[in-house]
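File shown: input-v2.pdb. Contents: PDB, C-alpha atoms and all ligand atoms.
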ATOM      1  CA  MET A 124       6.802  12.769  12.732  1.00  0.00           C
ATOM      2  CA  ALA A 125       4.474  10.913  10.376  1.00  0.00           C
ATOM      3  CA  LEU A 126       1.420  11.118  12.571  1.00  0.00           C
ATOM      4  CA  ILE A 127      -1.895  11.090  10.753  1.00  0.00           C
ATOM      5  CA  GLU A 128      -4.790  12.210  12.902  1.00  0.00           C
ATOM      6  CA  GLN A 129      -7.691   9.805  13.119  1.00  0.00           C
ATOM      7  CA  THR A 130     -10.279  10.209  10.367  1.00  0.00           C
ATOM      8  CA  GLU A 131     -13.470   8.296   9.814  1.00  0.00           C
ATOM      9  CA  VAL A 132     -14.298   7.032   6.344  1.00  0.00           C
ATOM     10  CA  THR A 133     -17.711   5.773   5.228  1.00  0.00           C
ATOM     11  CA  LEU A 134     -17.584   3.003   2.648  1.00  0.00           C
ATOM     12  CA  LYS A 135     -19.894   2.596  -0.336  1.00  0.00           C
ATOM     13  CA  ASP A 136     -21.991   0.077   1.627  1.00  0.00           C
ATOM     14  CA  GLY A 137     -22.326   2.412   4.600  1.00  0.00           C
ATOM     15  CA  ARG A 138     -19.818   0.660   6.867  1.00  0.00           C
ATOM     16  CA  ARG A 139     -17.345   2.891   8.655  1.00  0.00           C
ATOM     17  CA  ALA A 140     -13.658   2.530   9.415  1.00  0.00           C
ATOM     18  CA  LEU A 141     -11.138   4.687  11.251  1.00  0.00           C
ATOM     19  CA  LEU A 142      -7.914   5.637   9.491  1.00  0.00           C
ATOM     20  CA  ARG A 143      -4.892   6.609  11.579  1.00  0.00           C
ATOM     21  CA  SER A 144      -1.166   6.136  12.017  1.00  0.00           C
ATOM     22  CA  ALA A 145      -0.233   2.825  13.619  1.00  0.00           C
ATOM     23  CA  ARG A 146       1.396   3.200  17.037  1.00  0.00           C
ATOM     24  CA  GLY A 147       3.634   0.930  19.088  1.00  0.00           C
ATOM     25  CA  GLY A 148       0.625  -0.384  20.986  1.00  0.00           C
ATOM     26  CA  ASP A 149      -0.810  -1.731  17.730  1.00  0.00           C
ATOM     27  CA  GLY A 150       2.165  -4.101  17.319  1.00  0.00           C
ATOM     28  CA  TRP A 151       0.303  -7.337  18.034  1.00  0.00           C
ATOM     29  CA  ARG A 152      -2.768  -6.512  15.937  1.00  0.00           C
ATOM     30  CA  VAL A 153      -0.658  -5.239  13.034  1.00  0.00           C
ATOM     31  CA  ASN A 154       1.597  -8.290  13.142  1.00  0.00           C
ATOM     32  CA  ARG A 155      -1.419 -10.576  13.077  1.00  0.00           C
ATOM     33  CA  PHE A 156      -3.002  -8.690  10.186  1.00  0.00           C
ATOM     34  CA  ILE A 157       0.230  -8.853   8.174  1.00  0.00           C
ATOM     35  CA  ARG A 158       0.378 -12.644   8.622  1.00  0.00           C
ATOM     36  CA  GLU A 159      -3.297 -13.460   8.240  1.00  0.00           C
ATOM     37  CA  GLY A 160      -4.858 -10.685   6.164  1.00  0.00           C
ATOM     38  CA  PHE A 161      -2.000  -9.097   4.254  1.00  0.00           C
ATOM     39  CA  LEU A 162       0.417 -11.753   3.049  1.00  0.00           C
ATOM     40  CA  THR A 163      -2.318 -14.284   2.297  1.00  0.00           C
ATOM     41  CA  GLN A 164      -3.541 -12.185  -0.668  1.00  0.00           C
ATOM     42  CA  GLU A 165      -2.976 -13.750  -4.075  1.00  0.00           C
ATOM     43  CA  TYR A 166      -0.933 -11.040  -5.738  1.00  0.00           C
ATOM     44  CA  LEU A 167       1.487 -10.287  -2.929  1.00  0.00           C
ATOM     45  CA  ILE A 168       4.943 -11.738  -3.279  1.00  0.00           C
ATOM     46  CA  ARG A 169       6.091 -12.436   0.263  1.00  0.00           C
ATOM     47  CA  LEU A 170       4.515 -15.532   1.832  1.00  0.00           C
ATOM     48  CA  PRO A 171       3.256 -15.444   5.442  1.00  0.00           C
ATOM     49  CA  GLU A 172       5.972 -17.891   6.567  1.00  0.00           C
ATOM     50  CA  GLU A 173       8.584 -15.536   5.123  1.00  0.00           C
ATOM     51  CA  TYR A 174       7.527 -12.753   7.477  1.00  0.00           C
ATOM     52  CA  LEU A 175       9.827 -13.268  10.438  1.00  0.00           C
ATOM     53  CA  VAL A 176       9.068 -10.145  12.460  1.00  0.00           C
ATOM     54  CA  THR A 177       7.718 -10.983  15.933  1.00  0.00           C
ATOM     55  CA  PRO A 178       4.895  -8.967  17.518  1.00  0.00           C
ATOM     56  CA  TRP A 179       7.420  -7.485  19.924  1.00  0.00           C
ATOM     57  CA  GLN A 180       9.706  -6.425  17.088  1.00  0.00           C
ATOM     58  CA  GLU A 181       6.643  -5.061  15.288  1.00  0.00           C
ATOM     59  CA  ARG A 182       5.994  -2.793  18.241  1.00  0.00           C
ATOM     60  CA  GLY A 183       9.503  -1.355  17.944  1.00  0.00           C
ATOM     61  CA  ARG A 184       9.213  -0.978  14.190  1.00  0.00           C
ATOM     62  CA  LEU A 185       5.949   0.936  14.539  1.00  0.00           C
ATOM     63  CA  ARG A 186       7.463   3.226  17.160  1.00  0.00           C
ATOM     64  CA  ARG A 187      10.447   3.992  14.934  1.00  0.00           C
ATOM     65  CA  ARG A 188       8.142   4.473  11.947  1.00  0.00           C
ATOM     66  CA  LEU A 189       6.187   7.061  13.899  1.00  0.00           C
ATOM     67  CA  GLN A 190       9.375   8.997  14.642  1.00  0.00           C
ATOM     68  CA  ALA A 191      10.558   9.041  11.003  1.00  0.00           C
ATOM     69  CA  SER A 192       9.330  12.058   9.075  1.00  0.00           C
ATOM     70  CA  ASP A 193       9.568  10.201   5.743  1.00  0.00           C
ATOM     71  CA  GLU A 194       7.745   7.002   6.677  1.00  0.00           C
ATOM     72  CA  LEU A 195       4.077   6.265   7.093  1.00  0.00           C
ATOM     73  CA  MET A 196       2.238   3.288   8.508  1.00  0.00           C
ATOM     74  CA  LEU A 197      -1.463   3.897   8.070  1.00  0.00           C
ATOM     75  CA  LEU A 198      -4.045   1.474   9.363  1.00  0.00           C
ATOM     76  CA  ALA A 199      -7.785   1.166   9.044  1.00  0.00           C
ATOM     77  CA  GLU A 200      -9.683  -0.321  11.951  1.00  0.00           C
ATOM     78  CA  ALA A 201     -13.251  -1.350  12.514  1.00  0.00           C
ATOM     79  CA  ASN A 202     -14.740  -2.909  15.639  1.00  0.00           C
ATOM     80  CA  GLY A 203     -11.261  -3.025  17.165  1.00  0.00           C
ATOM     81  CA  ALA A 204      -9.739  -5.063  14.314  1.00  0.00           C
ATOM     82  CA  VAL A 205      -7.223  -3.965  11.692  1.00  0.00           C
ATOM     83  CA  VAL A 206      -8.943  -4.214   8.295  1.00  0.00           C
ATOM     84  CA  ALA A 207      -6.363  -2.519   6.058  1.00  0.00           C
ATOM     85  CA  LEU A 208      -2.748  -1.453   6.175  1.00  0.00           C
ATOM     86  CA  LEU A 209      -0.603   0.871   4.073  1.00  0.00           C
ATOM     87  CA  SER A 210       3.118   0.901   4.720  1.00  0.00           C
ATOM     88  CA  THR A 211       5.945   2.927   3.181  1.00  0.00           C
ATOM     89  CA  ASN A 212       9.606   2.122   2.749  1.00  0.00           C
ATOM     90  CA  THR A 213      11.594   5.227   1.888  1.00  0.00           C
ATOM     91  CA  ASP A 214      15.102   4.789   0.516  1.00  0.00           C
ATOM     92  CA  LYS A 215      17.587   6.073   3.102  1.00  0.00           C
ATOM     93  CA  ARG A 216      20.528   6.550   0.717  1.00  0.00           C
ATOM     94  CA  ARG A 217      21.064  10.257   0.107  1.00  0.00           C
ATOM     95  CA  ARG A 218      21.017   9.936  -3.682  1.00  0.00           C
ATOM     96  CA  ALA A 219      17.724   8.074  -3.582  1.00  0.00           C
ATOM     97  CA  ARG A 220      15.939   9.321  -0.484  1.00  0.00           C
ATOM     98  CA  HIS A 221      13.325  11.113  -2.607  1.00  0.00           C
ATOM     99  CA  ASN A 222      11.848   7.686  -3.527  1.00  0.00           C
ATOM    100  CA  CYS A 223       9.140   6.322  -1.252  1.00  0.00           C
ATOM    101  CA  GLU A 224       7.849   2.844  -2.033  1.00  0.00           C
ATOM    102  CA  PHE A 225       4.619   1.621  -0.498  1.00  0.00           C
ATOM    103  CA  GLY A 226       2.421  -1.425  -0.192  1.00  0.00           C
ATOM    104  CA  ILE A 227      -1.253  -1.653   0.680  1.00  0.00           C
ATOM    105  CA  THR A 228      -3.704  -4.386   1.543  1.00  0.00           C
ATOM    106  CA  VAL A 229      -7.369  -4.217   2.416  1.00  0.00           C
ATOM    107  CA  SER A 230      -8.780  -7.387   3.976  1.00  0.00           C
ATOM    108  CA  ARG A 231     -11.061  -9.364   1.658  1.00  0.00           C
ATOM    109  CA  ASP A 232     -14.293  -8.457   3.457  1.00  0.00           C
ATOM    110  CA  TRP A 233     -13.539  -4.762   3.089  1.00  0.00           C
ATOM    111  CA  GLN A 234     -12.374  -4.598  -0.527  1.00  0.00           C
ATOM    112  CA  GLY A 235     -14.206  -2.629  -3.195  1.00  0.00           C
ATOM    113  CA  GLY A 236     -15.764  -0.141  -0.785  1.00  0.00           C
ATOM    114  CA  GLY A 237     -13.431   2.788  -1.207  1.00  0.00           C
ATOM    115  CA  LEU A 238     -10.985   2.102   1.630  1.00  0.00           C
ATOM    116  CA  GLY A 239      -7.961   1.610  -0.637  1.00  0.00           C
ATOM    117  CA  ARG A 240      -8.672   4.841  -2.472  1.00  0.00           C
ATOM    118  CA  ALA A 241      -9.122   6.785   0.783  1.00  0.00           C
ATOM    119  CA  MET A 242      -5.843   5.462   2.195  1.00  0.00           C
ATOM    120  CA  ILE A 243      -3.787   6.225  -0.915  1.00  0.00           C
ATOM    121  CA  GLU A 244      -5.269   9.725  -1.065  1.00  0.00           C
ATOM    122  CA  ILE A 245      -4.056  10.274   2.495  1.00  0.00           C
ATOM    123  CA  LEU A 246      -0.638   8.902   1.504  1.00  0.00           C
ATOM    124  CA  ILE A 247      -0.395  11.304  -1.459  1.00  0.00           C
ATOM    125  CA  HIS A 248      -1.448  14.284   0.640  1.00  0.00           C
ATOM    126  CA  TRP A 249       1.069  13.345   3.346  1.00  0.00           C
ATOM    127  CA  ALA A 250       3.910  12.787   0.837  1.00  0.00           C
ATOM    128  CA  GLU A 251       3.244  16.141  -0.844  1.00  0.00           C
ATOM    129  CA  GLY A 252       3.962  17.743   2.511  1.00  0.00           C
ATOM    130  CA  VAL A 253       7.297  15.970   3.096  1.00  0.00           C
ATOM    131  CA  ALA A 254      10.009  18.183   1.611  1.00  0.00           C
ATOM    132  CA  THR A 255      12.422  15.352   0.798  1.00  0.00           C
ATOM    133  CA  LEU A 256       9.926  13.163  -1.082  1.00  0.00           C
ATOM    134  CA  GLU A 257       9.416  13.439  -4.836  1.00  0.00           C
ATOM    135  CA  ARG A 258       8.243  10.019  -5.976  1.00  0.00           C
ATOM    136  CA  LEU A 259       5.732   7.489  -4.664  1.00  0.00           C
ATOM    137  CA  GLU A 260       6.512   4.089  -6.125  1.00  0.00           C
ATOM    138  CA  LEU A 261       5.022   0.626  -6.077  1.00  0.00           C
ATOM    139  CA  HIS A 262       5.369  -2.757  -7.693  1.00  0.00           C
ATOM    140  CA  VAL A 263       2.223  -4.533  -8.821  1.00  0.00           C
ATOM    141  CA  VAL A 264       1.680  -7.863 -10.575  1.00  0.00           C
ATOM    142  CA  THR A 265       0.249  -7.052 -14.017  1.00  0.00           C
ATOM    143  CA  ALA A 266      -2.635  -9.501 -13.472  1.00  0.00           C
ATOM    144  CA  ASN A 267      -3.873  -7.420 -10.522  1.00  0.00           C
ATOM    145  CA  ALA A 268      -6.385  -5.392 -12.551  1.00  0.00           C
ATOM    146  CA  PRO A 269      -8.339  -3.848  -9.634  1.00  0.00           C
ATOM    147  CA  ALA A 270      -5.187  -2.486  -8.036  1.00  0.00           C
ATOM    148  CA  ILE A 271      -3.813  -1.154 -11.343  1.00  0.00           C
ATOM    149  CA  ALA A 272      -7.142   0.575 -12.128  1.00  0.00           C
ATOM    150  CA  LEU A 273      -7.014   2.239  -8.735  1.00  0.00           C
ATOM    151  CA  TYR A 274      -3.407   3.411  -9.132  1.00  0.00           C
ATOM    152  CA  HIS A 275      -4.052   4.827 -12.629  1.00  0.00           C
ATOM    153  CA  SER A 276      -7.087   6.712 -11.359  1.00  0.00           C
ATOM    154  CA  LEU A 277      -4.918   8.326  -8.683  1.00  0.00           C
ATOM    155  CA  GLY A 278      -2.300   9.556 -11.153  1.00  0.00           C
ATOM    156  CA  PHE A 279       0.234   6.715 -11.074  1.00  0.00           C
ATOM    157  CA  THR A 280       1.850   5.796 -14.382  1.00  0.00           C
ATOM    158  CA  VAL A 281       3.831   2.761 -15.478  1.00  0.00           C
ATOM    159  CA  GLU A 282       7.603   3.229 -15.581  1.00  0.00           C
ATOM    160  CA  GLY A 283       8.812  -0.294 -16.132  1.00  0.00           C
ATOM    161  CA  LEU A 284       7.995  -3.927 -16.574  1.00  0.00           C
ATOM    162  CA  ARG A 285       9.735  -7.003 -15.135  1.00  0.00           C
ATOM    163  CA  ARG A 286       8.859  -9.960 -17.314  1.00  0.00           C
ATOM    164  CA  GLY A 287       8.424 -13.234 -15.436  1.00  0.00           C
ATOM    165  CA  ALA A 288       9.398 -11.630 -12.143  1.00  0.00           C
ATOM    166  CA  VAL A 289       6.912 -13.551 -10.019  1.00  0.00           C
ATOM    167  CA  LYS A 290       6.728 -17.350  -9.901  1.00  0.00           C
ATOM    168  CA  TYR A 291       3.981 -19.240  -8.104  1.00  0.00           C
ATOM    169  CA  GLN A 292       4.315 -22.736  -6.715  1.00  0.00           C
ATOM    170  CA  ASP A 293       1.495 -23.870  -9.041  1.00  0.00           C
ATOM    171  CA  GLY A 294       3.661 -23.003 -12.054  1.00  0.00           C
ATOM    172  CA  ARG A 295       2.237 -19.601 -12.995  1.00  0.00           C
ATOM    173  CA  VAL A 296       4.815 -17.043 -14.024  1.00  0.00           C
ATOM    174  CA  LEU A 297       3.635 -13.427 -13.954  1.00  0.00           C
ATOM    175  CA  ASP A 298       5.049 -10.040 -14.858  1.00  0.00           C
ATOM    176  CA  ASP A 299       5.119  -7.133 -12.498  1.00  0.00           C
ATOM    177  CA  GLN A 300       5.341  -3.453 -13.188  1.00  0.00           C
ATOM    178  CA  LEU A 301       6.798  -0.416 -11.501  1.00  0.00           C
ATOM    179  CA  MET A 302       4.376   2.477 -11.142  1.00  0.00           C
ATOM    180  CA  CYS A 303       5.124   5.974  -9.933  1.00  0.00           C
ATOM    181  CA  ARG A 304       3.345   9.173  -9.018  1.00  0.00           C
ATOM    182  CA  ARG A 305       5.326  12.330  -8.470  1.00  0.00           C
ATOM    183  CA  VAL A 306       4.487  14.270  -5.331  1.00  0.00           C
ATOM    184  CA  ASP A 307       6.592  17.374  -5.968  1.00  0.00           C
ATOM    185  CA  GLY A 308       4.130  19.126  -8.273  1.00  0.00           C
ATOM    186  CA  THR A 309       5.711  17.983 -11.553  1.00  0.00           C
ATOM    187  CA  SER A 310       4.088  15.500 -13.892  1.00  0.00           C
ATOM    188  CA  ALA A 311       5.192  11.877 -14.034  1.00  0.00           C
ATOM    189  CA  PRO A 312       7.295  10.988 -17.107  1.00  0.00           C
ATOM    190  CA  GLY A 313       6.128   7.356 -17.220  1.00  0.00           C
ATOM    191  CA  THR A 314       4.444   5.689 -20.185  1.00  0.00           C
ATOM    192  CA  LYS A 315       1.823   3.003 -20.232  1.00  0.00           C
ATOM    193  CA  VAL A 316       3.387  -0.383 -20.952  1.00  0.00           C
ATOM    194  CA  GLU A 317       1.343  -3.098 -22.641  1.00  0.00           C
ATOM    195  CA  THR A 318       1.888  -6.464 -20.985  1.00  0.00           C
ATOM    196  CA  SER A 319       1.397 -10.075 -21.896  1.00  0.00           C
ATOM    197  CA  ALA A 320      -0.834 -10.747 -18.875  1.00  0.00           C
TER     198      ALA A 320
HETATM  199  C1  LIG B 401      -5.978  -3.256  -4.364  1.00  0.00           C
HETATM  200  C2  LIG B 401      -6.667  -2.815  -3.095  1.00  0.00           C
HETATM  201  C3  LIG B 401      -5.663  -2.197  -2.146  1.00  0.00           C
HETATM  202  C4  LIG B 401      -7.717  -1.737  -3.455  1.00  0.00           C
HETATM  203  O1  LIG B 401      -8.401  -1.350  -2.292  1.00  0.00           O
HETATM  204  P1  LIG B 401     -10.010  -1.373  -2.289  1.00  0.00           P
HETATM  205  O2  LIG B 401     -10.468  -0.773  -1.012  1.00  0.00           O
HETATM  206  O3  LIG B 401     -10.477  -2.750  -2.605  1.00  0.00           O
HETATM  207  O4  LIG B 401     -10.293  -0.417  -3.515  1.00  0.00           O
HETATM  208  P2  LIG B 401     -11.401   0.711  -3.636  1.00  0.00           P
HETATM  209  O5  LIG B 401     -12.723   0.181  -3.161  1.00  0.00           O
HETATM  210  O6  LIG B 401     -10.903   1.956  -3.023  1.00  0.00           O
HETATM  211  O7  LIG B 401     -11.496   0.821  -5.213  1.00  0.00           O
HETATM  212  C5  LIG B 401     -10.962   1.875  -5.901  1.00  0.00           C
HETATM  213  C6  LIG B 401     -10.882   1.555  -7.379  1.00  0.00           C
HETATM  214  O8  LIG B 401     -10.257   0.290  -7.585  1.00  0.00           O
HETATM  215  C7  LIG B 401     -10.773  -0.306  -8.741  1.00  0.00           C
HETATM  216  N1  LIG B 401     -11.379  -1.556  -8.345  1.00  0.00           N
HETATM  217  C8  LIG B 401     -11.665  -1.979  -7.097  1.00  0.00           C
HETATM  218  N2  LIG B 401     -12.147  -3.231  -7.112  1.00  0.00           N
HETATM  219  C9  LIG B 401     -12.167  -3.593  -8.417  1.00  0.00           C
HETATM  220  C10 LIG B 401     -12.534  -4.785  -9.093  1.00  0.00           C
HETATM  221  N3  LIG B 401     -12.990  -5.859  -8.436  1.00  0.00           N
HETATM  222  N4  LIG B 401     -12.365  -4.826 -10.434  1.00  0.00           N
HETATM  223  C11 LIG B 401     -11.881  -3.748 -11.116  1.00  0.00           C
HETATM  224  N5  LIG B 401     -11.522  -2.587 -10.517  1.00  0.00           N
HETATM  225  C12 LIG B 401     -11.676  -2.517  -9.194  1.00  0.00           C
HETATM  226  C13 LIG B 401     -11.779   0.640  -9.293  1.00  0.00           C
HETATM  227  O9  LIG B 401     -11.080   1.458 -10.219  1.00  0.00           O
HETATM  228  C14 LIG B 401     -12.185   1.458  -8.105  1.00  0.00           C
HETATM  229  O10 LIG B 401     -12.584   2.705  -8.547  1.00  0.00           O
HETATM  230  P3  LIG B 401     -13.956   3.386  -8.044  1.00  0.00           P
HETATM  231  O11 LIG B 401     -13.628   3.936  -6.684  1.00  0.00           O
HETATM  232  O12 LIG B 401     -14.192   4.449  -9.041  1.00  0.00           O
HETATM  233  O13 LIG B 401     -14.999   2.301  -8.007  1.00  0.00           O
HETATM  234  C15 LIG B 401      -7.399  -4.001  -2.400  1.00  0.00           C
HETATM  235  O14 LIG B 401      -8.361  -4.532  -3.276  1.00  0.00           O
HETATM  236  C16 LIG B 401      -6.465  -5.098  -1.944  1.00  0.00           C
HETATM  237  O15 LIG B 401      -5.957  -5.021  -0.836  1.00  0.00           O
HETATM  238  N6  LIG B 401      -6.236  -6.126  -2.754  1.00  0.00           N
HETATM  239  C17 LIG B 401      -5.429  -7.297  -2.341  1.00  0.00           C
HETATM  240  C18 LIG B 401      -3.968  -6.955  -2.060  1.00  0.00           C
HETATM  241  C19 LIG B 401      -3.365  -6.207  -3.213  1.00  0.00           C
HETATM  242  O16 LIG B 401      -3.528  -6.601  -4.345  1.00  0.00           O
HETATM  243  N7  LIG B 401      -2.655  -5.120  -2.868  1.00  0.00           N
HETATM  244  C20 LIG B 401      -1.993  -4.301  -3.851  1.00  0.00           C
HETATM  245  C21 LIG B 401      -0.690  -4.891  -4.246  1.00  0.00           C
HETATM  246  S1  LIG B 401       0.205  -3.831  -5.340  1.00  0.00           S
END

Taking this structure as input, can you express it in the form of structure tokens?
Ligand SMILES: CC(C)(COP(=O)(O)OP(=O)(O)OC[C@H]1O[C@@H](n2cnc3c(N)ncnc32)[C@H](O)[C@@H]1OP(=O)(O)O)[C@@H](O)C(=O)NCCC(=O)NCCS
Amino acid sequence: MALIEQTEVTLKDGRRALLRSARGGDGWRVNRFIREGFLTQEYLIRLPEEYLVTPWQERGRLRRRLQASDELMLLAEANGAVVALLSTNTDKRRRARHNCEFGITVSRDWQGGGLGRAMIEILIHWAEGVATLERLELHVVTANAPAIALYHSLGFTVEGLRRGAVKYQDGRVLDDQLMCRRVDGTSAPGTKVETSA
């Protein structure tokens, strides 16, 4: 069971947040955060109106996530509100079940204080303890410099580039890259890819 005990983290500006696994009872708050705080961020691909999960369905998803040993849904909360969310999606096919993809968003007011780093460190530590997992993966738009700096500093390397993979309604066309960090004690074989962004 992917249950992370509650830990308190103090941000660079002294504010505090609690990090813990999301539970079924968080369904409404998590669903709201995904629509209003998560998918409204510039460099995320899915639009809020494309997220069709209802709060009730969210509750079920969180419960199932908690039962799955190879999935993690980590939230940060402060003053009763969700301020950041990290969510995994592990491939269930037997030939690929060692690959765990994740996404993370910290709400705007809480960015730059160390929350993202703290959450990904917990993810890495958790994944290193899951026998079936070998690779943590993510996709990131190459223009998202803060996120890429964070991932590099935590040992992620670039494994691939998708040119023109993301198209905005205002006409911008951006590349995105696949980054990976191994969690089985071996070093990542990826190379840094220069991009046009
Ligand atoms: C990317 C994100 C998750 C990082 O979380 P965060 O809490 O803001 O990041 P942290 O405060 O832990 O910063 C860690 C590192 O990120 C980098 N970083 C953060 N903000 C930065 C900025 N404005 N410019 C450049 N680098 C920055 C630094 O390397 C920093 O290292 P440091 O700890 O040595 O200062 C968060 O900013 C976010 O949710 N952004 C919007 C959604 C998004 O882009 N998600 C990722 C999609 S792949």

Report the residues retrieved by the PyMOL selection byres (((chain A and resi 195) around 9) and not hetatm) from the displayed file, expressed as a ChimeraX atom specification.
/A:125-127,144-145,188-189,191-194,196-197,209-212,225,246,249

Using all atoms listed in the file, find each residue with an atom at most 7 Å away from ligand LIG 401 (chain B) and format the answer as a PyMOL selection string.
chain A and resi 161+164+166-167+226-230+233-241+261-264+267-270+272-273+276

Now that the selection is made, can you save its residues with C-alpha atoms as a PDB file, in the coordinates of the input?
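Ended up saving to result-v3.pdb:
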ATOM      1  CA  PHE A 161      -2.000  -9.097   4.254  1.00  0.00           C
ATOM      2  CA  GLN A 164      -3.541 -12.185  -0.668  1.00  0.00           C
ATOM      3  CA  TYR A 166      -0.933 -11.040  -5.738  1.00  0.00           C
ATOM      4  CA  LEU A 167       1.487 -10.287  -2.929  1.00  0.00           C
ATOM      5  CA  GLY A 226       2.421  -1.425  -0.192  1.00  0.00           C
ATOM      6  CA  ILE A 227      -1.253  -1.653   0.680  1.00  0.00           C
ATOM      7  CA  THR A 228      -3.704  -4.386   1.543  1.00  0.00           C
ATOM      8  CA  VAL A 229      -7.369  -4.217   2.416  1.00  0.00           C
ATOM      9  CA  SER A 230      -8.780  -7.387   3.976  1.00  0.00           C
ATOM     10  CA  TRP A 233     -13.539  -4.762   3.089  1.00  0.00           C
ATOM     11  CA  GLN A 234     -12.374  -4.598  -0.527  1.00  0.00           C
ATOM     12  CA  GLY A 235     -14.206  -2.629  -3.195  1.00  0.00           C
ATOM     13  CA  GLY A 236     -15.764  -0.141  -0.785  1.00  0.00           C
ATOM     14  CA  GLY A 237     -13.431   2.788  -1.207  1.00  0.00           C
ATOM     15  CA  LEU A 238     -10.985   2.102   1.630  1.00  0.00           C
ATOM     16  CA  GLY A 239      -7.961   1.610  -0.637  1.00  0.00           C
ATOM     17  CA  ARG A 240      -8.672   4.841  -2.472  1.00  0.00           C
ATOM     18  CA  ALA A 241      -9.122   6.785   0.783  1.00  0.00           C
ATOM     19  CA  LEU A 261       5.022   0.626  -6.077  1.00  0.00           C
ATOM     20  CA  HIS A 262       5.369  -2.757  -7.693  1.00  0.00           C
ATOM     21  CA  VAL A 263       2.223  -4.533  -8.821  1.00  0.00           C
ATOM     22  CA  VAL A 264       1.680  -7.863 -10.575  1.00  0.00           C
ATOM     23  CA  ASN A 267      -3.873  -7.420 -10.522  1.00  0.00           C
ATOM     24  CA  ALA A 268      -6.385  -5.392 -12.551  1.00  0.00           C
ATOM     25  CA  PRO A 269      -8.339  -3.848  -9.634  1.00  0.00           C
ATOM     26  CA  ALA A 270      -5.187  -2.486  -8.036  1.00  0.00           C
ATOM     27  CA  ALA A 272      -7.142   0.575 -12.128  1.00  0.00           C
ATOM     28  CA  LEU A 273      -7.014   2.239  -8.735  1.00  0.00           C
ATOM     29  CA  SER A 276      -7.087   6.712 -11.359  1.00  0.00           C
TER      30      SER A 276
END

Output, as AutoDock Vina command-line options, the centre and edge lengths in Å (one decimal) of the axis-aligned box that contains all listed atoms of stretch 265-270 of chain A with 4 Å of margin on each side.
--center_x -4.0 --center_y -6.0 --center_z -11.0 --size_x 16.6 --size_y 15.0 --size_z 14.0

For a quick check of understanding, using only C-alpha atoms, which of A:Gln190, A:Thr133, A:Thr255, A:Asn202 has the smallest distance to A:Lys215?
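Of A:Gln190, A:Thr133, A:Thr255, A:Asn202, the one nearest A:Lys215 is A:Thr255, counting only C-alpha atoms.
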
Go through the shown structure with the PyMOL selection byres (((chain A and resi 130) around 6) and not hetatm) and write out the matching residues as a PyMOL selection string.
chain A and resi 129+131+141-142

Convert the current residue selection to file output with C-alpha atoms, as a CSV table (one decimal), keeping the file's coordinate frame.
chain,number,residue,atom,x,y,z
A,129,GLN,CA,-7.7,9.8,13.1
A,131,GLU,CA,-13.5,8.3,9.8
A,141,LEU,CA,-11.1,4.7,11.3
A,142,LEU,CA,-7.9,5.6,9.5

Correct to one decimal, the distance atom CA of A:His221-atom CA of A:Arg258 is 6.2 Å

Which value, in Å to one decimal, gives the distance between atom CA of A:Thr309 and atom CA of A:Glu128?
27.2 Å

Excluding A:Asp298 and its own-chain neighbours fewer than 3 positions away, which residues fall within 6 Å of it when counting all atoms listed in the file? Please give them as a PyMOL selection string.
chain A and resi 264-265+285-288

Ranking A:Leu198, A:Val176, A:Val289, A:Val306 by minimum distance to A:Glu251 and counting only C-alpha atoms, which one comes first?
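Once distances to A:Glu251 are computed over only C-alpha atoms, the minimum belongs to A:Val306.
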
Could you tell me which of A:Glu244, A:Asp149, A:Glu165, A:Glu159 comes closest to A:Pro178 if we count all atoms listed in the file?
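Ranking A:Glu244, A:Asp149, A:Glu165, A:Glu159 by distance to A:Pro178, first place goes to A:Asp149.
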
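Of the listed residues A:Gly308, A:Arg152, A:Met242, A:Val253, the one whose atoms come nearest to A:Arg220 is A:Val253, with distances taken using all atoms listed in the file.
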
If you count only C-alpha atoms, which residues fall within 10 Å of A:His275, apart from same-chain ones fewer than 5 positions away, as a PyMOL selection string?
chain A and resi 270+280-281+302-304+315
